[in-house]
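> Coordinates in query.pdb, PDB, C-alpha atoms and all ligand atoms, are listed below.
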ATOM      1  CA  MET A  29       2.302   1.211  39.127
ATOM      2  CA  LYS A  30       0.421   2.501  36.132
ATOM      3  CA  LYS A  31       2.709   5.515  35.999
ATOM      4  CA  ASN A  32       5.813   3.308  35.844
ATOM      5  CA  TYR A  33       4.302   1.262  33.067
ATOM      6  CA  LEU A  34       3.508   4.396  31.086
ATOM      7  CA  LYS A  35       7.014   5.678  31.577
ATOM      8  CA  ILE A  36       8.496   2.443  30.229
ATOM      9  CA  LEU A  37       6.112   2.584  27.294
ATOM     10  CA  VAL A  38       7.147   6.137  26.477
ATOM     11  CA  ILE A  39      10.833   5.253  26.682
ATOM     12  CA  THR A  40      10.353   2.239  24.413
ATOM     13  CA  LEU A  41       8.416   4.257  21.899
ATOM     14  CA  GLY A  42      11.003   6.963  22.170
ATOM     15  CA  LEU A  43      13.625   4.525  21.004
ATOM     16  CA  ASN A  44      11.589   3.599  17.982
ATOM     17  CA  PHE A  45      11.122   7.262  17.239
ATOM     18  CA  THR A  46      14.867   7.771  17.591
ATOM     19  CA  ASN A  47      15.782   4.951  15.235
ATOM     20  CA  LEU A  48      13.743   6.434  12.467
ATOM     21  CA  SER A  49      14.328  10.087  13.030
ATOM     22  CA  ALA A  50      18.115   9.798  13.210
ATOM     23  CA  ASN A  51      17.795  12.082  16.225
ATOM     24  CA  ASP A  52      18.116  11.333  19.880
ATOM     25  CA  ARG A  53      14.856  12.315  21.449
ATOM     26  CA  PRO A  54      15.920  14.070  24.641
ATOM     27  CA  GLU A  55      13.917  13.318  27.769
ATOM     28  CA  TRP A  56      12.874  16.972  28.153
ATOM     29  CA  PHE A  57      11.284  17.021  24.720
ATOM     30  CA  ILE A  58       7.475  16.989  24.661
ATOM     31  CA  PRO A  59       6.207  15.507  21.376
ATOM     32  CA  PRO A  60       3.488  17.550  19.629
ATOM     33  CA  PRO A  61       0.065  16.768  21.156
ATOM     34  CA  LEU A  62      -1.901  15.419  18.183
ATOM     35  CA  ASN A  63      -4.482  13.182  19.836
ATOM     36  CA  PRO A  64      -7.518  13.234  17.509
ATOM     37  CA  GLU A  65      -9.921  11.974  20.213
ATOM     38  CA  GLY A  66     -12.689  14.582  20.498
ATOM     39  CA  VAL A  67     -11.227  16.754  17.726
ATOM     40  CA  GLN A  68     -13.808  18.620  15.682
ATOM     41  CA  LEU A  69     -12.866  19.990  12.273
ATOM     42  CA  GLU A  70     -14.398  23.356  11.495
ATOM     43  CA  THR A  71     -15.067  24.125   7.828
ATOM     44  CA  VAL A  72     -13.749  27.575   6.885
ATOM     45  CA  LYS A  73     -14.393  28.897   3.368
ATOM     46  CA  LEU A  74     -11.294  30.702   2.072
ATOM     47  CA  ASP A  75     -12.362  31.302  -1.520
ATOM     48  CA  ASP A  76     -14.846  29.919  -4.069
ATOM     49  CA  GLY A  77     -14.545  26.146  -3.739
ATOM     50  CA  VAL A  78     -11.603  26.375  -1.319
ATOM     51  CA  TYR A  79     -12.162  25.155   2.226
ATOM     52  CA  ALA A  80      -9.880  24.689   5.223
ATOM     53  CA  LEU A  81     -10.792  22.106   7.851
ATOM     54  CA  LEU A  82      -9.399  23.429  11.116
ATOM     55  CA  SER A  83      -8.930  21.423  14.280
ATOM     56  CA  ASN A  84     -10.495  22.837  17.456
ATOM     57  CA  THR A  85      -7.394  21.943  19.516
ATOM     58  CA  PRO A  86      -4.105  23.903  19.362
ATOM     59  CA  PHE A  87      -2.029  21.407  17.376
ATOM     60  CA  ALA A  88      -4.107  18.427  16.165
ATOM     61  CA  ASP A  89      -4.157  18.013  12.391
ATOM     62  CA  ASN A  90      -5.950  20.343  10.024
ATOM     63  CA  ALA A  91      -7.053  19.290   6.545
ATOM     64  CA  GLY A  92      -8.984  20.867   3.688
ATOM     65  CA  PHE A  93     -10.666  20.376   0.340
ATOM     66  CA  ILE A  94     -10.937  22.006  -3.045
ATOM     67  CA  VAL A  95     -14.096  21.758  -5.130
ATOM     68  CA  GLY A  96     -13.368  21.590  -8.850
ATOM     69  CA  LYS A  97     -15.790  21.646 -11.789
ATOM     70  CA  ASP A  98     -16.550  17.925 -11.673
ATOM     71  CA  SER A  99     -14.796  16.571  -8.620
ATOM     72  CA  VAL A 100     -13.187  17.270  -5.260
ATOM     73  CA  LEU A 101      -9.587  17.126  -4.038
ATOM     74  CA  VAL A 102      -8.992  16.517  -0.322
ATOM     75  CA  VAL A 103      -5.839  17.693   1.473
ATOM     76  CA  ASP A 104      -4.571  15.143   4.002
ATOM     77  CA  ALA A 105      -6.367  12.096   5.369
ATOM     78  CA  HIS A 106      -5.917  12.708   9.137
ATOM     79  CA  PHE A 107      -5.208  10.134  11.817
ATOM     80  CA  ASN A 108      -7.725   7.332  11.399
ATOM     81  CA  GLY A 109     -10.971   6.271   9.758
ATOM     82  CA  LYS A 110     -13.047   8.228  12.257
ATOM     83  CA  MET A 111     -11.308  11.506  11.398
ATOM     84  CA  ALA A 112     -11.331  10.710   7.656
ATOM     85  CA  SER A 113     -15.108  10.197   7.922
ATOM     86  CA  GLN A 114     -15.375  13.625   9.511
ATOM     87  CA  ILE A 115     -13.536  15.060   6.484
ATOM     88  CA  ILE A 116     -15.828  13.221   4.053
ATOM     89  CA  THR A 117     -18.915  14.466   5.947
ATOM     90  CA  ALA A 118     -17.582  18.041   5.771
ATOM     91  CA  VAL A 119     -17.142  17.680   1.990
ATOM     92  CA  ARG A 120     -20.683  16.290   1.658
ATOM     93  CA  GLU A 121     -22.099  19.309   3.481
ATOM     94  CA  VAL A 122     -20.743  21.462   0.639
ATOM     95  CA  THR A 123     -20.997  19.301  -2.487
ATOM     96  CA  ASN A 124     -22.061  15.901  -3.810
ATOM     97  CA  LEU A 125     -19.257  15.783  -6.391
ATOM     98  CA  PRO A 126     -17.013  12.707  -6.117
ATOM     99  CA  ILE A 127     -13.732  12.884  -4.183
ATOM    100  CA  GLU A 128     -11.380  12.221  -7.088
ATOM    101  CA  TYR A 129      -8.085  13.036  -5.395
ATOM    102  CA  LEU A 130      -6.598  12.834  -1.917
ATOM    103  CA  VAL A 131      -3.181  14.400  -1.302
ATOM    104  CA  ASN A 132      -0.874  13.238   1.528
ATOM    105  CA  LEU A 133       1.420  16.158   2.419
ATOM    106  CA  ASN A 134       3.928  13.939   4.254
ATOM    107  CA  ALA A 135       4.413  10.327   5.350
ATOM    108  CA  PHE A 136       3.459  10.616   9.026
ATOM    109  CA  GLY A 137       0.498   8.613  10.290
ATOM    110  CA  ASP A 138      -1.477  11.709  11.258
ATOM    111  CA  HIS A 139      -1.537  12.684   7.561
ATOM    112  CA  VAL A 140      -2.008   9.245   5.931
ATOM    113  CA  PHE A 141      -3.717   6.791   8.305
ATOM    114  CA  GLY A 142      -7.176   7.965   7.203
ATOM    115  CA  ASN A 143      -6.422   7.032   3.548
ATOM    116  CA  TYR A 144      -8.259   3.696   3.725
ATOM    117  CA  ALA A 145     -11.577   5.348   4.631
ATOM    118  CA  PHE A 146     -11.834   7.223   1.311
ATOM    119  CA  PRO A 147     -13.745   5.684  -1.630
ATOM    120  CA  LYS A 148     -11.878   3.085  -3.684
ATOM    121  CA  SER A 149     -12.212   5.377  -6.702
ATOM    122  CA  THR A 150     -10.276   8.188  -4.952
ATOM    123  CA  LYS A 151      -6.746   8.510  -6.315
ATOM    124  CA  ILE A 152      -4.155   9.179  -3.619
ATOM    125  CA  ILE A 153      -1.231  11.449  -4.491
ATOM    126  CA  SER A 154       2.034  12.063  -2.634
ATOM    127  CA  HIS A 155       5.659  12.951  -3.123
ATOM    128  CA  GLU A 156       7.742   9.945  -4.245
ATOM    129  CA  LYS A 157       9.723  10.018  -0.990
ATOM    130  CA  THR A 158       6.492   9.800   0.998
ATOM    131  CA  LEU A 159       5.568   6.622  -0.882
ATOM    132  CA  ASN A 160       9.079   5.206  -0.390
ATOM    133  CA  PHE A 161       8.896   5.809   3.346
ATOM    134  CA  LEU A 162       5.482   4.138   3.559
ATOM    135  CA  LYS A 163       6.755   1.118   1.622
ATOM    136  CA  GLU A 164       9.986   0.808   3.584
ATOM    137  CA  ASN A 165       8.366   0.982   7.034
ATOM    138  CA  SER A 166       5.630  -1.402   8.128
ATOM    139  CA  LEU A 167       2.277  -0.053   9.272
ATOM    140  CA  GLU A 168       3.049  -1.262  12.820
ATOM    141  CA  LYS A 169       6.353   0.574  12.834
ATOM    142  CA  ARG A 170       4.696   3.762  11.592
ATOM    143  CA  LYS A 171       1.981   3.497  14.253
ATOM    144  CA  LYS A 172       4.712   3.319  16.900
ATOM    145  CA  ILE A 173       6.545   6.352  15.504
ATOM    146  CA  ILE A 174       3.461   8.570  15.686
ATOM    147  CA  SER A 175       2.133   7.077  18.947
ATOM    148  CA  VAL A 176       4.398   9.426  20.936
ATOM    149  CA  THR A 177       2.036  12.214  19.869
ATOM    150  CA  VAL A 178      -1.020  10.429  21.348
ATOM    151  CA  GLU A 179       0.494   9.509  24.729
ATOM    152  CA  GLY A 180       1.135   5.976  23.446
ATOM    153  CA  ASP A 181      -2.586   5.244  23.120
ATOM    154  CA  MET A 182      -2.608   2.590  20.389
ATOM    155  CA  SER A 183      -6.436   2.438  20.380
ATOM    156  CA  ILE A 184      -6.328   5.587  18.217
ATOM    157  CA  PHE A 185      -5.259   3.286  15.358
ATOM    158  CA  ASP A 186      -8.091   0.756  15.758
ATOM    159  CA  GLY A 187      -9.289  -0.261  12.318
ATOM    160  CA  VAL A 188      -6.496   1.547  10.443
ATOM    161  CA  GLU A 189      -5.552  -0.278   7.245
ATOM    162  CA  ASP A 190      -2.618   0.553   5.032
ATOM    163  CA  ARG A 191      -3.480   2.283   1.780
ATOM    164  CA  LEU A 192      -0.647   3.703  -0.269
ATOM    165  CA  PRO A 193      -0.630   6.608  -2.734
ATOM    166  CA  GLU A 194      -0.824   5.530  -6.388
ATOM    167  CA  ILE A 195       0.290   8.788  -8.009
ATOM    168  CA  THR A 196       3.638  10.345  -7.089
ATOM    169  CA  PHE A 197       5.687  13.349  -8.197
ATOM    170  CA  SER A 198       9.213  14.634  -7.685
ATOM    171  CA  ASP A 199       9.335  18.453  -8.097
ATOM    172  CA  ILE A 200       5.940  19.739  -9.196
ATOM    173  CA  LEU A 201       2.577  18.288 -10.161
ATOM    174  CA  ARG A 202      -0.225  20.386 -11.651
ATOM    175  CA  ILE A 203      -3.772  19.121 -11.330
ATOM    176  CA  ASP A 204      -6.439  20.743 -13.500
ATOM    177  CA  MET A 205      -9.709  20.760 -11.548
ATOM    178  CA  GLY A 206     -11.642  22.352 -14.444
ATOM    179  CA  ASN A 207     -12.252  25.693 -12.746
ATOM    180  CA  LYS A 208      -8.954  25.988 -10.937
ATOM    181  CA  VAL A 209      -5.439  24.582 -10.950
ATOM    182  CA  VAL A 210      -3.926  22.887  -7.928
ATOM    183  CA  GLU A 211      -0.132  22.702  -7.729
ATOM    184  CA  LEU A 212       1.872  20.315  -5.587
ATOM    185  CA  HIS A 213       5.408  21.475  -4.879
ATOM    186  CA  PHE A 214       8.445  19.863  -3.344
ATOM    187  CA  PHE A 215      10.962  22.546  -2.372
ATOM    188  CA  GLY A 216      13.331  20.219  -0.515
ATOM    189  CA  PRO A 217      13.665  18.632   2.915
ATOM    190  CA  GLY A 218      12.351  20.536   5.922
ATOM    191  CA  MET A 219      10.574  19.066   8.904
ATOM    192  CA  SER A 220      10.719  15.719   7.101
ATOM    193  CA  SER A 221      12.321  14.487   3.902
ATOM    194  CA  SER A 222       9.159  14.749   1.802
ATOM    195  CA  ASP A 223       7.250  17.861   2.960
ATOM    196  CA  THR A 224       4.833  18.796   0.210
ATOM    197  CA  VAL A 225       3.197  22.199  -0.319
ATOM    198  CA  LEU A 226      -0.157  22.438  -2.073
ATOM    199  CA  TYR A 227      -0.678  25.793  -3.781
ATOM    200  CA  LEU A 228      -3.587  27.452  -5.531
ATOM    201  CA  PRO A 229      -1.942  30.089  -7.749
ATOM    202  CA  ASP A 230      -5.222  31.928  -8.498
ATOM    203  CA  SER A 231      -6.354  32.219  -4.874
ATOM    204  CA  LYS A 232      -2.802  32.482  -3.487
ATOM    205  CA  ILE A 233      -3.613  29.965  -0.779
ATOM    206  CA  ALA A 234      -1.193  27.239   0.338
ATOM    207  CA  TRP A 235      -1.437  24.136   2.492
ATOM    208  CA  THR A 236       1.997  23.606   4.013
ATOM    209  CA  GLY A 237       1.668  20.415   6.080
ATOM    210  CA  ASN A 238       4.515  20.219   8.593
ATOM    211  CA  LEU A 239       6.928  22.423   6.618
ATOM    212  CA  VAL A 240       5.337  25.604   7.976
ATOM    213  CA  PHE A 241       3.238  25.299  11.112
ATOM    214  CA  GLY A 242       0.470  27.744  11.976
ATOM    215  CA  LYS A 243       0.368  31.339  13.168
ATOM    216  CA  GLY A 244       2.846  32.133  15.943
ATOM    217  CA  SER A 245       4.994  29.021  15.410
ATOM    218  CA  ILE A 246       8.620  28.244  14.683
ATOM    219  CA  PRO A 247       9.852  25.359  12.528
ATOM    220  CA  TRP A 248      10.782  21.961  13.933
ATOM    221  CA  ALA A 249      13.833  20.566  12.131
ATOM    222  CA  ARG A 250      12.944  17.083  13.301
ATOM    223  CA  THR A 251      15.166  15.005  11.064
ATOM    224  CA  GLU A 252      16.602  17.078   8.272
ATOM    225  CA  LYS A 253      19.588  19.419   8.282
ATOM    226  CA  ILE A 254      18.867  22.984   9.437
ATOM    227  CA  SER A 255      20.860  24.322   6.461
ATOM    228  CA  GLU A 256      18.712  22.249   4.065
ATOM    229  CA  TYR A 257      15.509  23.434   5.752
ATOM    230  CA  LEU A 258      16.688  27.038   5.277
ATOM    231  CA  LYS A 259      17.428  26.376   1.593
ATOM    232  CA  THR A 260      13.971  24.816   1.207
ATOM    233  CA  MET A 261      12.268  27.844   2.769
ATOM    234  CA  LYS A 262      14.193  30.227   0.499
ATOM    235  CA  LYS A 263      13.100  28.188  -2.516
ATOM    236  CA  PHE A 264       9.501  28.257  -1.241
ATOM    237  CA  ASP A 265       9.760  32.049  -0.983
ATOM    238  CA  SER A 266      11.165  32.430  -4.489
ATOM    239  CA  LYS A 267       8.664  30.097  -6.211
ATOM    240  CA  ILE A 268       5.256  30.852  -4.710
ATOM    241  CA  SER A 269       3.677  33.751  -2.840
ATOM    242  CA  PRO A 270       0.682  32.668  -0.798
ATOM    243  CA  ASN A 271      -1.297  35.253   1.147
ATOM    244  CA  ILE A 272      -3.042  32.595   3.226
ATOM    245  CA  ILE A 273      -1.240  29.612   4.716
ATOM    246  CA  VAL A 274      -3.147  26.632   6.071
ATOM    247  CA  SER A 275      -0.736  24.561   8.068
ATOM    248  CA  GLY A 276      -0.998  20.904   9.000
ATOM    249  CA  HIS A 277      -0.996  22.048  12.618
ATOM    250  CA  GLY A 278      -2.008  25.346  14.198
ATOM    251  CA  LYS A 279      -3.970  28.412  13.163
ATOM    252  CA  ILE A 280      -4.127  29.935   9.679
ATOM    253  CA  ALA A 281      -1.084  32.127   9.073
ATOM    254  CA  ASP A 282      -0.354  34.978   6.689
ATOM    255  CA  LYS A 283       2.644  35.328   4.360
ATOM    256  CA  THR A 284       4.833  37.002   6.998
ATOM    257  CA  ILE A 285       5.462  33.600   8.540
ATOM    258  CA  ILE A 286       7.727  32.633   5.597
ATOM    259  CA  ASP A 287      10.244  35.414   6.337
ATOM    260  CA  LYS A 288       9.952  34.598  10.014
ATOM    261  CA  TYR A 289      10.910  30.946   9.345
ATOM    262  CA  ILE A 290      13.819  32.014   7.111
ATOM    263  CA  SER A 291      15.277  34.405   9.687
ATOM    264  CA  TYR A 292      14.658  31.948  12.535
ATOM    265  CA  LEU A 293      16.507  29.127  10.729
ATOM    266  CA  SER A 294      19.407  31.460   9.807
ATOM    267  CA  ASN A 295      19.579  32.444  13.457
ATOM    268  CA  VAL A 296      19.653  28.813  14.621
ATOM    269  CA  ILE A 297      22.678  28.243  12.378
ATOM    270  CA  THR A 298      24.409  31.343  13.818
ATOM    271  CA  ILE A 299      23.672  30.331  17.427
ATOM    272  CA  SER A 300      24.822  26.753  16.745
ATOM    273  CA  GLU A 301      28.073  27.963  15.161
ATOM    274  CA  GLU A 302      28.780  30.226  18.140
ATOM    275  CA  LEU A 303      28.101  27.390  20.569
ATOM    276  CA  THR A 304      30.504  25.039  18.803
ATOM    277  CA  LYS A 305      33.317  27.531  19.489
ATOM    278  CA  LYS A 306      32.654  27.333  23.235
ATOM    279  CA  ASN A 307      33.657  24.528  25.493
ATOM    280  CA  ILE A 308      30.210  23.484  26.644
ATOM    281  CA  ASN A 309      28.175  20.373  27.250
ATOM    282  CA  ILE A 310      25.463  20.961  24.661
ATOM    283  CA  ASN A 311      23.000  18.480  26.176
ATOM    284  CA  SER A 312      22.783  20.353  29.464
ATOM    285  CA  HIS A 313      23.356  23.806  27.966
ATOM    286  CA  VAL A 314      20.448  23.480  25.549
ATOM    287  CA  GLN A 315      18.011  22.992  28.407
ATOM    288  CA  LYS A 316      18.712  26.534  29.609
ATOM    289  CA  ILE A 317      18.147  28.095  26.196
ATOM    290  CA  SER A 318      14.849  29.790  25.457
ATOM    291  CA  LEU A 319      13.280  31.563  22.511
ATOM    292  CA  ASN A 320      14.058  35.201  21.908
ATOM    293  CA  SER A 321      11.149  37.256  23.257
ATOM    294  CA  ASP A 322      10.782  39.201  19.998
ATOM    295  CA  ILE A 323       9.545  36.052  18.224
ATOM    296  CA  TYR A 324       5.760  35.966  18.407
ATOM    297  CA  ILE A 325       4.485  32.660  19.737
ATOM    298  CA  GLU A 326       0.784  31.854  19.812
ATOM    299  CA  PRO A 327      -0.549  31.364  23.366
ATOM    300  CA  ASN A 328      -1.016  27.706  24.388
ATOM    301  CA  ILE A 329       1.752  26.389  22.122
ATOM    302  CA  GLU A 330       4.575  28.150  24.006
ATOM    303  CA  ASP A 331       5.938  25.056  25.765
ATOM    304  CA  LEU A 332       5.807  23.078  22.531
ATOM    305  CA  MET A 333       7.687  25.793  20.620
ATOM    306  CA  GLU A 334      10.315  26.077  23.395
ATOM    307  CA  GLY A 335      10.877  22.330  22.952
ATOM    308  CA  PHE A 336      11.151  22.729  19.153
ATOM    309  CA  HIS A 337      13.673  25.545  19.685
ATOM    310  CA  LYS A 338      15.877  23.467  22.001
ATOM    311  CA  TRP A 339      15.668  20.537  19.571
ATOM    312  CA  ASN A 340      16.648  22.795  16.649
ATOM    313  CA  ILE A 341      19.666  24.233  18.488
ATOM    314  CA  LEU A 342      20.773  20.763  19.569
ATOM    315  CA  ASN A 343      20.487  19.477  16.013
ATOM    316  CA  GLY A 344      22.132  22.582  14.576
ATOM    317  CA  PHE A 345      25.051  22.116  16.941
ATOM    318  CA  LYS A 346      25.430  18.420  16.108
ATOM    319  CA  GLN A 347      25.202  19.086  12.384
ATOM    320  CA  ILE A 348      28.065  21.571  12.511
ATOM    321  CA  GLN A 349      30.381  19.145  14.364
TER     322      GLN A 349
HETATM  323 ZN    ZN B   1       1.768  16.623  10.868
END
Kindly transcribe the structure held in the file into structure tokens.
Ligand SMILES: [Zn+2]

Amino acid sequence: MKKNYLKILVITLGLNFTNLSANDRPEWFIPPPLNPEGVQLETVKLDDGVYALLSNTPFADNAGFIVGKDSVLVVDAHFNGKMASQIITAVREVTNLPIEYLVNLNAFGDHVFGNYAFPKSTKIISHEKTLNFLKENSLEKRKKIISVTVEGDMSIFDGVEDRLPEITFSDILRIDMGNKVVELHFFGPGMSSSDTVLYLPDSKIAWTGNLVFGKGSIPWARTEKISEYLKTMKKFDSKISPNIIVSGHGKIADKTIIDKYISYLSNVITISEELTKKNININSHVQKISLNSDIYIEPNIEDLMEGFHKWNILNGFKQIQ
């Protein structure tokens, strides 16, 4: 009985997801497991005043913070007030300086729902398209979209209040923290329409949100065109050169992941073009496709990445039609 109910719930939520993503979520697709319940963020110092906050589960959200001369900038607000409080506590273990800025790297609930738990004086920054998405879609609607990643458990959002960014940018925003500069870049659409990359040019460290996942991952072209994602990654590669990449999800990666994403996306376009020349039923064919064994995939995210791959091929195929 309970199982049936859950199944109906998942299907219903799936439809909501579909409406907003402009994709049909196939029944074989497993959404990324992002449940923050029990997640512990580990503080990892990457450079002077530069800290990653890494989730202890394979794909739940990471975050981070940068300590400037007089204030702190936090990267991503996580899923809810409880997780945001964990971020604030981690900052307080390092410094008592005020949290002046909070950056939302995309519009998904797992990156913005913790916004309300930060001090009123904290200024929230995002790409203009992130703000537009948040304004155009009610909080309830956004909870439903992301609930597929927490097995439909709406109690994750208990207490979540909407708090929107007040500073936006379009291409690049430079923030002078006194002892270091923080850059926010928009290279184009990727996993979502507003993926933002935070870059520290002196330390050569980047936070990439959902645009580039962690070590041993492939991209997930969830809503945007594969060809646009490829263009975005090439622009990323030509504009900045991070040595350390802290993703929104997954382990810390090195710079080799950028080339890997570029060649993977080019390959998806090639495979999709070849498939369109054949007389096949893509929906059943795609289920038999699997990742090339020469692509390194981190253990315990293999099934998730196989799902991303099938999704990418399906989308690539549809986008060529
Ligand atoms: Zn995310």
> If you apply the PyMOL selection byres (((not hetatm)) within 9 of (chain B and resi 1)) to this file, what residues do you get, as a ChimeraX atom specification?
/A:60,62,87-90,106,133-139,237-239,241,275-277
> Using the chain letters and numbers from this file, what does the PyMOL selection byres (((chain A and resi 332) around 9) and not hetatm) select? Give the answer as a list in words.
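Listing what the PyMOL selection byres (((chain A and resi 332) around 9) and not hetatm) selects in the shown file: Phe57, Ile58, Pro59, Pro60, Pro61, Asn328, Ile329, Glu330, Asp331, Met333, Glu334, Gly335, Phe336 and His337 of chain A.
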> Choose the residue, out of A:Leu319, A:Ile174, A:Ala249, A:Met182, that has the smallest atom-to-atom separation from A:Trp339; count all atoms listed in the file.
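Of the candidates, the smallest distance to A:Trp339 is held by A:Ala249.
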> Determine the nearest neighbour of A:Lys305 from the options A:Val188, A:Phe345, A:Ile152, A:Asn143, counting all atoms listed in the file.
A:Phe345
> Compile the contact shell of A:Pro147 as a PyMOL selection string: residues with an atom at most 12 Å away, counting only C-alpha atoms, same-chain residues fewer than 4 positions apart removed.
chain A and resi 102+109+112-113+116+126-130+142-143+151-152+191
> Just checking: using only C-alpha atoms, which residue out of A:Pro64, A:Phe215, A:Gln347, A:Asn124 ends up closest to A:Thr304?
A:Gln347
> Could you write out as a PyMOL selection string the residues that the PyMOL selection byres (((chain A and resi 197) around 6) and not hetatm) matches in the shown file?
chain A and resi 155-156+196+198
> Interatomic distance between atom CA of A:Asp186 and atom CA of A:Asn84?
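Result for atom CA of A:Asp186 versus atom CA of A:Asn84: 22.3 Å, one decimal.
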> Kindly indicate which residue among A:Ser183, A:Glu189, A:Ser154, A:Gln315 lies nearest to A:Leu167, using only C-alpha atoms for the distances.
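Under the stated criterion, the closest residue is A:Glu189.
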> Identify which of the residues A:Lys110, A:Lys279, A:Arg250, A:Lys148 lies closest to A:Ile341, counting only C-alpha atoms when measuring atom-to-atom distances.
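Ranking A:Lys110, A:Lys279, A:Arg250, A:Lys148 by distance to A:Ile341, first place goes to A:Arg250.
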> Taking all atoms listed in the file into account, name the residue in A:Val140, A:Val67, A:Ile285, A:Leu226 that is nearest to A:Ile325.
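Using all atoms listed in the file, the shortest distance to A:Ile325 belongs to A:Ile285.
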> Tell me, in Å to one decimal, how far atom CA of A:Gly187 is from atom CA of A:Arg170.
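Separating atom CA of A:Gly187 from atom CA of A:Arg170 is a distance of 14.6 Å.
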> Could the residues of stretch 76-182 of chain A that have an atom at most 9 Å from stretch 204-214 of chain A be listed as a tab-separated table, each with its closest atom pair and the distance in Å to one decimal, counting only C-alpha atoms and ordered by chain and ascending residue number?

residue	atom	partner	partner_atom	distance
A:Ile94	CA	A:Val210	CA	8.6
A:Val95	CA	A:Met205	CA	7.8
A:Gly96	CA	A:Met205	CA	4.6
A:Lys97	CA	A:Gly206	CA	5.0
A:Asp98	CA	A:Gly206	CA	7.2
A:Ser99	CA	A:Met205	CA	7.2
A:Val100	CA	A:Met205	CA	8.0
A:Leu101	CA	A:Met205	CA	8.3
A:Val131	CA	A:Leu212	CA	8.9
A:Ser154	CA	A:Leu212	CA	8.8
A:His155	CA	A:Phe214	CA	7.5
> Could you state the separation of atom CA of A:Lys262 and atom CA of A:Ile290 in Å, given to one decimal place?
6.9 Å
> Calculate, to one decimal in Å, the centre and edge lengths of the box along x, y and z of the file that holds all listed atoms of stretch 67-74 of chain A with 8 Å of margin on each side, and present them as AutoDock Vina command-line options.

--center_x -13.1 --center_y 23.7 --center_z 9.9 --size_x 19.8 --size_y 29.9 --size_z 31.7
